[in-house]
Each structure stands twice: as structure tokens, then as C-alpha cells.
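Student: Input my_file_0.pdb, format and content: PDB, C-alpha atoms, pLDDT in the B column.
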```
ATOM      1  CA  MET N  27      73.450 -27.492  76.113  1.00 41.00           C
ATOM      2  CA  PRO N  28      75.844 -27.252  79.028  1.00 46.00           C
ATOM      3  CA  GLU N  29      75.101 -24.746  81.760  1.00 59.00           C
ATOM      4  CA  ARG N  30      71.367 -24.569  80.956  1.00 68.00           C
ATOM      5  CA  ASN N  31      69.495 -24.339  84.249  1.00 70.00           C
ATOM      6  CA  ILE N  32      67.214 -27.293  84.879  1.00 71.00           C
ATOM      7  CA  GLU N  33      65.719 -26.356  88.258  1.00 78.00           C
ATOM      8  CA  PHE N  34      65.932 -22.582  88.293  1.00 82.00           C
ATOM      9  CA  GLY N  35      64.656 -21.033  91.516  1.00 80.00           C
ATOM     10  CA  LYS N  36      65.024 -24.193  93.581  1.00 84.00           C
ATOM     11  CA  TYR N  37      66.880 -22.304  96.328  1.00 87.00           C
ATOM     12  CA  GLY N  38      64.978 -19.023  96.038  1.00 87.00           C
ATOM     13  CA  ALA N  39      66.646 -17.153  93.165  1.00 87.00           C
ATOM     14  CA  SER N  40      64.331 -15.118  90.978  1.00 90.00           C
ATOM     15  CA  GLY N  41      64.565 -13.656  87.520  1.00 91.00           C
ATOM     16  CA  ILE N  42      63.399 -14.105  83.971  1.00 93.00           C
ATOM     17  CA  LYS N  43      64.990 -15.738  80.947  1.00 93.00           C
ATOM     18  CA  GLY N  44      67.417 -13.442  79.153  1.00 93.00           C
ATOM     19  CA  TYR N  45      65.569 -13.701  75.843  1.00 95.00           C
ATOM     20  CA  GLU N  46      62.309 -12.657  77.553  1.00 96.00           C
ATOM     21  CA  ALA N  47      64.004  -9.559  78.958  1.00 97.00           C
ATOM     22  CA  ALA N  48      65.463  -8.797  75.528  1.00 97.00           C
ATOM     23  CA  ALA N  49      62.012  -9.209  73.930  1.00 97.00           C
ATOM     24  CA  ARG N  50      60.539  -6.797  76.496  1.00 96.00           C
ATOM     25  CA  ARG N  51      63.230  -4.268  75.659  1.00 96.00           C
ATOM     26  CA  LEU N  52      62.622  -4.677  71.912  1.00 96.00           C
ATOM     27  CA  ASP N  53      58.885  -4.206  72.563  1.00 95.00           C
ATOM     28  CA  ALA N  54      59.662  -0.976  74.407  1.00 94.00           C
ATOM     29  CA  LEU N  55      61.801   0.203  71.496  1.00 95.00           C
ATOM     30  CA  ALA N  56      59.035  -0.666  69.018  1.00 94.00           C
ATOM     31  CA  GLY N  57      56.877   2.070  70.513  1.00 91.00           C
ATOM     32  CA  PHE N  58      53.504   0.360  70.801  1.00 93.00           C
ATOM     33  CA  ILE N  59      50.456   2.514  71.437  1.00 94.00           C
ATOM     34  CA  ALA N  60      50.338   3.218  75.172  1.00 92.00           C
ATOM     35  CA  THR N  61      46.589   3.815  75.488  1.00 95.00           C
ATOM     36  CA  PRO N  62      44.818   0.548  76.436  1.00 95.00           C
ATOM     37  CA  ILE N  63      42.700  -1.075  73.753  1.00 95.00           C
ATOM     38  CA  THR N  64      39.732  -1.120  76.138  1.00 94.00           C
ATOM     39  CA  THR N  65      39.355   2.652  75.723  1.00 95.00           C
ATOM     40  CA  ARG N  66      37.805   4.168  72.613  1.00 95.00           C
ATOM     41  CA  ARG N  67      40.969   6.141  71.844  1.00 96.00           C
ATOM     42  CA  GLY N  68      43.202   3.053  72.089  1.00 96.00           C
ATOM     43  CA  LEU N  69      40.896   0.987  69.884  1.00 96.00           C
ATOM     44  CA  LEU N  70      40.680   3.728  67.241  1.00 96.00           C
ATOM     45  CA  ALA N  71      44.452   4.221  67.210  1.00 96.00           C
ATOM     46  CA  ARG N  72      45.023   0.513  66.597  1.00 96.00           C
ATOM     47  CA  LEU N  73      42.281   0.264  63.965  1.00 95.00           C
ATOM     48  CA  HIS N  74      43.630   3.301  62.102  1.00 95.00           C
ATOM     49  CA  TYR N  75      47.103   1.756  62.164  1.00 95.00           C
ATOM     50  CA  LEU N  76      45.742  -1.515  60.761  1.00 94.00           C
ATOM     51  CA  THR N  77      43.440  -0.006  58.119  1.00 92.00           C
ATOM     52  CA  ARG N  78      45.151   3.152  56.847  1.00 91.00           C
ATOM     53  CA  THR N  79      46.416   1.566  53.604  1.00 89.00           C
ATOM     54  CA  PRO N  80      45.559  -1.528  51.550  1.00 89.00           C
ATOM     55  CA  HIS N  81      48.984  -2.953  52.479  1.00 87.00           C
ATOM     56  CA  ALA N  82      48.231  -2.458  56.196  1.00 88.00           C
ATOM     57  CA  ARG N  83      44.829  -4.157  55.792  1.00 90.00           C
ATOM     58  CA  GLN N  84      46.445  -7.127  54.076  1.00 91.00           C
ATOM     59  CA  ALA N  85      49.080  -7.402  56.815  1.00 88.00           C
ATOM     60  CA  ALA N  86      46.334  -7.243  59.467  1.00 90.00           C
ATOM     61  CA  ARG N  87      44.432 -10.056  57.773  1.00 91.00           C
ATOM     62  CA  GLN N  88      47.592 -12.156  57.604  1.00 90.00           C
ATOM     63  CA  ALA N  89      48.160 -11.454  61.302  1.00 87.00           C
ATOM     64  CA  GLY N  90      44.730 -12.841  62.190  1.00 87.00           C
ATOM     65  CA  LEU N  91      42.235  -9.954  62.011  1.00 89.00           C
ATOM     66  CA  THR N  92      39.465 -11.655  60.031  1.00 89.00           C
ATOM     67  CA  VAL N  93      36.462  -9.361  60.510  1.00 91.00           C
ATOM     68  CA  THR N  94      34.624  -7.927  57.500  1.00 91.00           C
ATOM     69  CA  ASP N  95      35.143  -4.421  56.157  1.00 90.00           C
ATOM     70  CA  ARG N  96      31.587  -3.590  57.228  1.00 94.00           C
ATOM     71  CA  THR N  97      32.351  -4.538  60.822  1.00 94.00           C
ATOM     72  CA  LEU N  98      35.577  -2.523  60.789  1.00 92.00           C
ATOM     73  CA  LYS N  99      33.678   0.500  59.486  1.00 93.00           C
ATOM     74  CA  ALA N 100      31.064   0.140  62.251  1.00 95.00           C
ATOM     75  CA  TRP N 101      33.829  -0.032  64.880  1.00 94.00           C
ATOM     76  CA  LEU N 102      35.573   3.026  63.458  1.00 93.00           C
ATOM     77  CA  GLU N 103      32.332   5.034  63.375  1.00 94.00           C
ATOM     78  CA  GLY N 104      31.417   3.955  66.903  1.00 92.00           C
ATOM     79  CA  ARG N 105      28.126   2.315  65.929  1.00 94.00           C
ATOM     80  CA  ARG N 106      29.278  -1.021  67.362  1.00 94.00           C
ATOM     81  CA  ASN N 107      31.853  -2.126  69.896  1.00 92.00           C
ATOM     82  CA  PRO N 108      34.015  -5.228  69.424  1.00 94.00           C
ATOM     83  CA  LEU N 109      33.598  -8.208  71.705  1.00 93.00           C
ATOM     84  CA  ARG N 110      36.398  -9.115  74.102  1.00 93.00           C
ATOM     85  CA  LYS N 111      37.636 -11.843  71.749  1.00 93.00           C
ATOM     86  CA  ASN N 112      37.777  -9.365  68.885  1.00 93.00           C
ATOM     87  CA  LEU N 113      39.625  -6.851  71.064  1.00 94.00           C
ATOM     88  CA  GLN N 114      42.251  -9.516  71.696  1.00 94.00           C
ATOM     89  CA  ASN N 115      42.434 -10.252  67.956  1.00 92.00           C
ATOM     90  CA  VAL N 116      42.857  -6.560  67.146  1.00 94.00           C
ATOM     91  CA  GLU N 117      45.601  -6.226  69.780  1.00 95.00           C
ATOM     92  CA  ALA N 118      47.415  -9.354  68.546  1.00 93.00           C
ATOM     93  CA  ALA N 119      47.194  -8.221  64.911  1.00 93.00           C
ATOM     94  CA  TYR N 120      48.376  -4.723  65.822  1.00 95.00           C
ATOM     95  CA  ARG N 121      51.401  -6.026  67.735  1.00 94.00           C
ATOM     96  CA  ALA N 122      52.322  -8.468  64.934  1.00 93.00           C
ATOM     97  CA  VAL N 123      52.049  -5.809  62.219  1.00 94.00           C
ATOM     98  CA  ARG N 124      53.904  -3.217  64.316  1.00 95.00           C
ATOM     99  CA  ARG N 125      56.736  -5.657  65.045  1.00 95.00           C
ATOM    100  CA  HIS N 126      57.014  -6.518  61.368  1.00 93.00           C
ATOM    101  CA  ASN N 127      57.052  -2.842  60.357  1.00 93.00           C
ATOM    102  CA  VAL N 128      59.626  -1.800  62.963  1.00 95.00           C
ATOM    103  CA  ALA N 129      61.956  -4.821  62.681  1.00 96.00           C
ATOM    104  CA  ARG N 130      64.001  -3.529  59.739  1.00 94.00           C
ATOM    105  CA  TYR N 131      64.501  -0.128  61.386  1.00 96.00           C
ATOM    106  CA  LEU N 132      65.489  -1.692  64.733  1.00 96.00           C
ATOM    107  CA  LEU N 133      67.880  -4.095  63.039  1.00 96.00           C
ATOM    108  CA  ALA N 134      69.721  -1.261  61.309  1.00 96.00           C
ATOM    109  CA  ARG N 135      69.910   0.723  64.558  1.00 96.00           C
ATOM    110  CA  LEU N 136      71.103  -2.231  66.645  1.00 96.00           C
ATOM    111  CA  ASN N 137      73.703  -3.499  64.157  1.00 95.00           C
ATOM    112  CA  ARG N 138      75.008   0.058  63.557  1.00 94.00           C
ATOM    113  CA  GLN N 139      76.894  -0.939  60.396  1.00 93.00           C
ATOM    114  CA  GLY N 140      78.758  -3.739  62.159  1.00 90.00           C
ATOM    115  CA  ARG N 141      79.629  -1.814  65.328  1.00 94.00           C
ATOM    116  CA  GLY N 142      76.801  -3.422  67.314  1.00 94.00           C
ATOM    117  CA  THR N 143      75.050  -2.227  70.450  1.00 96.00           C
ATOM    118  CA  ARG N 144      76.191  -2.288  74.074  1.00 96.00           C
ATOM    119  CA  VAL N 145      73.991  -4.618  76.158  1.00 96.00           C
ATOM    120  CA  GLU N 146      73.754  -4.585  79.965  1.00 96.00           C
ATOM    121  CA  PHE N 147      73.136  -7.864  81.790  1.00 95.00           C
ATOM    122  CA  HIS N 148      71.656  -7.317  85.256  1.00 94.00           C
ATOM    123  CA  PRO N 149      72.128 -10.558  87.227  1.00 91.00           C
ATOM    124  CA  LEU N 150      69.384 -12.600  88.802  1.00 90.00           C
ATOM    125  CA  ASN N 151      68.021 -11.721  92.233  1.00 88.00           C
ATOM    126  CA  GLN N 152      69.541 -13.891  94.978  1.00 89.00           C
ATOM    127  CA  SER N 153      68.161 -12.007  97.989  1.00 88.00           C
ATOM    128  CA  GLN N 154      66.022 -15.011  99.015  1.00 89.00           C
ATOM    129  CA  VAL N 155      68.852 -17.555  98.650  1.00 88.00           C
ATOM    130  CA  ASP N 156      70.673 -18.735 101.781  1.00 89.00           C
ATOM    131  CA  GLY N 157      74.169 -17.287 102.137  1.00 87.00           C
ATOM    132  CA  PRO N 158      76.144 -20.485 101.513  1.00 89.00           C
ATOM    133  CA  ARG N 159      74.196 -21.169  98.307  1.00 87.00           C
ATOM    134  CA  GLN N 160      74.597 -17.707  96.780  1.00 87.00           C
ATOM    135  CA  ARG N 161      76.870 -17.282  93.774  1.00 85.00           C
ATOM    136  CA  VAL N 162      78.869 -14.232  92.855  1.00 86.00           C
ATOM    137  CA  VAL N 163      77.151 -12.998  89.715  1.00 87.00           C
ATOM    138  CA  THR N 164      78.110  -9.476  88.720  1.00 90.00           C
ATOM    139  CA  TYR N 165      76.635  -6.860  86.426  1.00 93.00           C
ATOM    140  CA  ARG N 166      78.123  -7.297  82.935  1.00 93.00           C
ATOM    141  CA  THR N 167      78.169  -5.383  79.674  1.00 94.00           C
ATOM    142  CA  LEU N 168      78.805  -6.759  76.224  1.00 93.00           C
ATOM    143  CA  ASN N 169      78.821  -5.358  72.709  1.00 95.00           C
ATOM    144  CA  VAL N 170      76.447  -7.499  70.603  1.00 95.00           C
ATOM    145  CA  ARG N 171      77.234  -7.151  66.898  1.00 93.00           C
ATOM    146  CA  HIS N 172      74.855  -9.686  65.318  1.00 92.00           C
ATOM    147  CA  TRP N 173      71.184  -8.858  65.873  1.00 96.00           C
ATOM    148  CA  ASP N 174      69.744 -10.377  62.689  1.00 96.00           C
ATOM    149  CA  ARG N 175      68.440 -13.677  64.113  1.00 97.00           C
ATOM    150  CA  ILE N 176      67.370 -12.050  67.388  1.00 97.00           C
ATOM    151  CA  VAL N 177      65.230  -9.365  65.725  1.00 97.00           C
ATOM    152  CA  GLU N 178      63.888 -11.828  63.149  1.00 97.00           C
ATOM    153  CA  ALA N 179      62.717 -14.238  65.871  1.00 97.00           C
ATOM    154  CA  TRP N 180      61.265 -11.349  67.901  1.00 97.00           C
ATOM    155  CA  ALA N 181      59.319 -10.041  64.893  1.00 95.00           C
ATOM    156  CA  ALA N 182      57.963 -13.535  64.203  1.00 94.00           C
ATOM    157  CA  GLU N 183      57.090 -13.979  67.915  1.00 93.00           C
ATOM    158  CA  ASP N 184      58.944 -17.311  67.911  1.00 96.00           C
ATOM    159  CA  GLU N 185      60.108 -17.843  71.506  1.00 96.00           C
ATOM    160  CA  ALA N 186      62.163 -20.984  70.824  1.00 95.00           C
ATOM    161  CA  ALA N 187      64.065 -19.306  67.980  1.00 97.00           C
ATOM    162  CA  LEU N 188      64.517 -16.162  70.075  1.00 97.00           C
ATOM    163  CA  ASP N 189      65.943 -18.202  72.968  1.00 94.00           C
ATOM    164  CA  GLU N 190      68.360 -19.991  70.649  1.00 94.00           C
ATOM    165  CA  ALA N 191      69.390 -16.760  68.896  1.00 95.00           C
ATOM    166  CA  TRP N 192      69.849 -14.891  72.179  1.00 95.00           C
ATOM    167  CA  VAL N 193      72.085 -17.606  73.630  1.00 92.00           C
ATOM    168  CA  SER N 194      74.046 -18.212  70.398  1.00 92.00           C
ATOM    169  CA  ASP N 195      74.484 -14.604  69.264  1.00 91.00           C
ATOM    170  CA  ALA N 196      74.637 -12.659  72.531  1.00 92.00           C
ATOM    171  CA  THR N 197      74.996 -14.492  75.836  1.00 91.00           C
ATOM    172  CA  VAL N 198      77.626 -17.007  74.758  1.00 88.00           C
ATOM    173  CA  ASP N 199      80.028 -14.106  74.061  1.00 89.00           C
ATOM    174  CA  LEU N 200      80.228 -13.530  77.830  1.00 89.00           C
ATOM    175  CA  GLY N 201      82.778 -16.332  77.921  1.00 85.00           C
ATOM    176  CA  SER N 202      82.795 -19.339  80.201  1.00 82.00           C
ATOM    177  CA  GLU N 203      80.306 -17.706  82.592  1.00 83.00           C
ATOM    178  CA  TRP N 204      77.527 -17.310  80.004  1.00 85.00           C
ATOM    179  CA  GLY N 205      75.273 -19.851  81.755  1.00 82.00           C
ATOM    180  CA  GLN N 206      75.070 -17.593  84.819  1.00 85.00           C
ATOM    181  CA  TYR N 207      73.200 -15.043  82.687  1.00 88.00           C
ATOM    182  CA  GLU N 208      70.528 -17.379  81.321  1.00 89.00           C
ATOM    183  CA  TYR N 209      68.221 -15.826  83.944  1.00 90.00           C
ATOM    184  CA  VAL N 210      68.468 -12.106  84.690  1.00 92.00           C
ATOM    185  CA  THR N 211      66.504  -9.342  86.374  1.00 94.00           C
ATOM    186  CA  ASN N 212      66.869  -7.032  83.376  1.00 95.00           C
ATOM    187  CA  ILE N 213      68.542  -6.622  79.995  1.00 96.00           C
ATOM    188  CA  GLY N 214      69.292  -3.073  78.931  1.00 95.00           C
ATOM    189  CA  PHE N 215      70.188  -1.611  75.526  1.00 95.00           C
ATOM    190  CA  ALA N 216      69.155   1.299  73.363  1.00 91.00           C
ATOM    191  CA  ALA N 217      68.676   1.815  69.649  1.00 80.00           C
TER     192      ALA N 217
END
```
Could you quickly redo this structure as C-alpha cells?
Tutor:
Amino acid sequence: MPERNIEFGKYGASGIKGYEAAARRLDALAGFIATPITTRRGLLARLHYLTRTPHARQAARQAGLTVTDRTLKAWLEGRRNPLRKNLQNVEAAYRAVRRHNVARYLLARLNRQGRGTRVEFHPLNQSQVDGPRQRVVTYRTLNVRHWDRIVEAWAAEDEAALDEAWVSDATVDLGSEWGQYEYVTNIGFAA
């Protein structure tokens, strides 16, 4: 694709891919449990979320939580503590199930019946780039109306699809300068 950066940061610019910043913002909007999983409270909150209904248990199993019901009961009662690997599995399953559950709600809020959502593009950081090599990249805003593929890729945790959807459905609408916003310091929007 034209204007895709091949050697980003070669002269000292810093930033992250636009789709990564958008995924971080969607994660913030999803409202994950803030308490770390390494604490008893954080573990219990995640386990209750994953085991409160038969549908939630099935979704957790599909997301990769493959421990037995007996083990889950022992964790919930505090008789046993999960190993580090199992903590990671619980966290991954929780995030996958939460994303899936919140995706439909976020999509409706972001699309706003075809009106879309205003997105802020904060340009990359060029403070470490020599003066002659710096580009003029300004703060931009854009109304993104099509969030379907973006939210779907985010919910599936598919980075390649999210990158493609972000460029095709959001960034390219910036016009001929869209390649300057492949890397950013932040993406801002609300739902």
C-alpha cells in the first residue's frame, strides 16, 4: 500500500500504530476489571464473570479456560490458588469474553445510527528528530461512520484485520495525508 512506513523511527520519531492506539481506546471503553488478577479480589471478580451463567462458562471454555469445574470451585472457595499459567489463561479468557460481550454495545454507540463518532488523531512524536528531517504533522479530527469491521476485528483480537480495517475505514478518510497518521501518539474517541 502506498505511504506505509517501512523504516519507522529511523530518524528518531516515536509513536505507535494507529490501530494499536484505537484498540487501547476500545479496551478502555470496554471497562475491564481494574483490580489485578494477582490479588484475591481480582481473581474472584474474573472467575465470577466467567462462571455466573452456563452461557458464560461455555464462552470461557471456548476462549481457552479448560480447567475442571472442581478446580474452579476450589479457586472460588479459596482452598487452592491457580498457578501463574492458569492466571494468564483466566485473564485471557476474561478479556476475550468481555470483548465479545461488549462489542455489540460499543458498535451501536460508535456508529450512532449512521452519524459516527468523532476521532482525534494525535500525531507522532518528532522531538528527537533533527530539525531538517521533521515533517509538519498536525492534530486532526475526523468523523468515522463505519465501525463494524474495526470493532469486529478488535473483539476477535485479530491484529492484521484490525490494521486493515483501521486504515480502510478510518485513516484513509483523512485524504492524501493519511499515511502521516499510520503512527500516532494517541487516538481519542468516546462512546
Student: Quick one: apply the PyMOL selection byres ((chain N and resi 37-47) around 6) to the file and drop the selected residues here as a compact mmCIF listing (two decimals) with C-alpha atoms, in the frame of the given file.
Tutor:
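As a result, part_36.txt now contains:
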```txt
# COMPACT_ATOMS: atom_id res chain seq x y z
CA GLY N 35 64.66 -21.03 91.52
CA LYS N 36 65.02 -24.19 93.58
CA ALA N 48 65.46 -8.80 75.53
CA ALA N 49 62.01 -9.21 73.93
CA ARG N 50 60.54 -6.80 76.50
CA LEU N 150 69.38 -12.60 88.80
CA ASN N 151 68.02 -11.72 92.23
CA GLN N 152 69.54 -13.89 94.98
CA GLN N 154 66.02 -15.01 99.02
CA VAL N 155 68.85 -17.56 98.65
CA ASP N 189 65.94 -18.20 72.97
CA TRP N 192 69.85 -14.89 72.18
CA GLU N 208 70.53 -17.38 81.32
CA TYR N 209 68.22 -15.83 83.94
CA VAL N 210 68.47 -12.11 84.69
CA THR N 211 66.50 -9.34 86.37
CA ASN N 212 66.87 -7.03 83.38
CA ILE N 213 68.54 -6.62 80.00
```
Student: Write out as a PyMOL selection string which residues come within 12 Å of N:Pro62 when counting all atoms listed in the file, dropping same-chain ones fewer than 5 positions away.
Tutor: chain N and resi 67-72+113-114+116-117
Student: So that I can see what lies close to N:Arg121, please list as a PDB file with C-alpha atoms, in the frame of the given file the residues with an atom at most 12 Å from it, counting all atoms listed in the file and leaving out residues fewer than 5 positions away in the same chain.
Tutor:
```pdb
ATOM      1  CA  ASP N  53      58.885  -4.206  72.563  1.00 95.00           C
ATOM      2  CA  ALA N  54      59.662  -0.976  74.407  1.00 94.00           C
ATOM      3  CA  ALA N  56      59.035  -0.666  69.018  1.00 94.00           C
ATOM      4  CA  GLY N  57      56.877   2.070  70.513  1.00 91.00           C
ATOM      5  CA  PHE N  58      53.504   0.360  70.801  1.00 93.00           C
ATOM      6  CA  ILE N  59      50.456   2.514  71.437  1.00 94.00           C
ATOM      7  CA  ALA N  60      50.338   3.218  75.172  1.00 92.00           C
ATOM      8  CA  ILE N  63      42.700  -1.075  73.753  1.00 95.00           C
ATOM      9  CA  ARG N  72      45.023   0.513  66.597  1.00 96.00           C
ATOM     10  CA  LEU N  73      42.281   0.264  63.965  1.00 95.00           C
ATOM     11  CA  TYR N  75      47.103   1.756  62.164  1.00 95.00           C
ATOM     12  CA  LEU N  76      45.742  -1.515  60.761  1.00 94.00           C
ATOM     13  CA  ALA N  85      49.080  -7.402  56.815  1.00 88.00           C
ATOM     14  CA  ALA N  86      46.334  -7.243  59.467  1.00 90.00           C
ATOM     15  CA  ALA N  89      48.160 -11.454  61.302  1.00 87.00           C
ATOM     16  CA  GLY N  90      44.730 -12.841  62.190  1.00 87.00           C
ATOM     17  CA  LEU N  91      42.235  -9.954  62.011  1.00 89.00           C
ATOM     18  CA  GLN N 114      42.251  -9.516  71.696  1.00 94.00           C
ATOM     19  CA  ASN N 115      42.434 -10.252  67.956  1.00 92.00           C
ATOM     20  CA  VAL N 116      42.857  -6.560  67.146  1.00 94.00           C
ATOM     21  CA  HIS N 126      57.014  -6.518  61.368  1.00 93.00           C
ATOM     22  CA  ASN N 127      57.052  -2.842  60.357  1.00 93.00           C
ATOM     23  CA  VAL N 128      59.626  -1.800  62.963  1.00 95.00           C
ATOM     24  CA  ALA N 129      61.956  -4.821  62.681  1.00 96.00           C
ATOM     25  CA  TRP N 180      61.265 -11.349  67.901  1.00 97.00           C
ATOM     26  CA  ALA N 181      59.319 -10.041  64.893  1.00 95.00           C
ATOM     27  CA  ALA N 182      57.963 -13.535  64.203  1.00 94.00           C
ATOM     28  CA  GLU N 183      57.090 -13.979  67.915  1.00 93.00           C
TER      29      GLU N 183
END
```
Student: Could you expand the PyMOL selection byres ((chain N and resi 198) around 12) into the explicit residues it covers here, written as a list in words?
Tutor: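 Applying the expression gives Met27, Pro28, Glu29, Arg30, Gly44, Leu168, Asn169, Val170, Asp189, Glu190, Ala191, Trp192, Val193, Ser194, Asp195, Ala196, Thr197, Asp199, Leu200, Gly201, Ser202, Glu203, Trp204, Gly205, Gln206, Tyr207 and Glu208 of chain N.
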Student: When you draw a straight line from atom CA of N:Ala217 to atom CA of N:Thr61, how long is it in Å?
Tutor: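 Separation of atom CA of N:Ala217 and atom CA of N:Thr61: 22.9 Å.
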Student: Of the residues N:Ala186, N:Arg166, N:Thr64, N:His148, which is the one nearest to N:Arg110, using only C-alpha atoms?
Tutor: N:Thr64
Student: When you draw a straight line from atom CA of N:Thr97 to atom CA of N:Tyr120, how long is it in Å?
Tutor: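 We find that atom CA of N:Thr97 and atom CA of N:Tyr120 lie 16.8 Å from each other.
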Student: Kindly resolve the PyMOL selection byres ((chain N and resi 215) around 9) on the present coordinates and return the residues as a PDB file with C-alpha atoms, in the coordinates of the input.
Tutor:
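Wrote selection-v6.pdb, looks like this:
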```pdb
ATOM      1  CA  ALA N  48      65.463  -8.797  75.528  1.00 97.00           C
ATOM      2  CA  ARG N  51      63.230  -4.268  75.659  1.00 96.00           C
ATOM      3  CA  LEU N  52      62.622  -4.677  71.912  1.00 96.00           C
ATOM      4  CA  LEU N 136      71.103  -2.231  66.645  1.00 96.00           C
ATOM      5  CA  THR N 143      75.050  -2.227  70.450  1.00 96.00           C
ATOM      6  CA  ARG N 144      76.191  -2.288  74.074  1.00 96.00           C
ATOM      7  CA  VAL N 145      73.991  -4.618  76.158  1.00 96.00           C
ATOM      8  CA  GLU N 146      73.754  -4.585  79.965  1.00 96.00           C
ATOM      9  CA  ILE N 213      68.542  -6.622  79.995  1.00 96.00           C
ATOM     10  CA  GLY N 214      69.292  -3.073  78.931  1.00 95.00           C
ATOM     11  CA  ALA N 216      69.155   1.299  73.363  1.00 91.00           C
ATOM     12  CA  ALA N 217      68.676   1.815  69.649  1.00 80.00           C
TER      13      ALA N 217
END
```
Student: To one decimal in Å, tell me the separation between atom CA of N:Asn31 and atom CA of N:Ala187.
Tutor: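 So the answer is 17.9 Å.
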Student: Could you give me, as a ChimeraX atom specification, the residues within 10 Å of N:Arg87, counting only C-alpha atoms and dropping anything in the same chain fewer than 4 positions from it?
Tutor: /N:76,81-83,91-93,119,123
Student: Looking at N:Ile32, N:Leu132, N:Ile176, N:Leu98, which one is nearest to N:Asn112, with distances taken over only C-alpha atoms?
Tutor: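 Of N:Ile32, N:Leu132, N:Ile176, N:Leu98, the one nearest N:Asn112 is N:Leu98, counting only C-alpha atoms.
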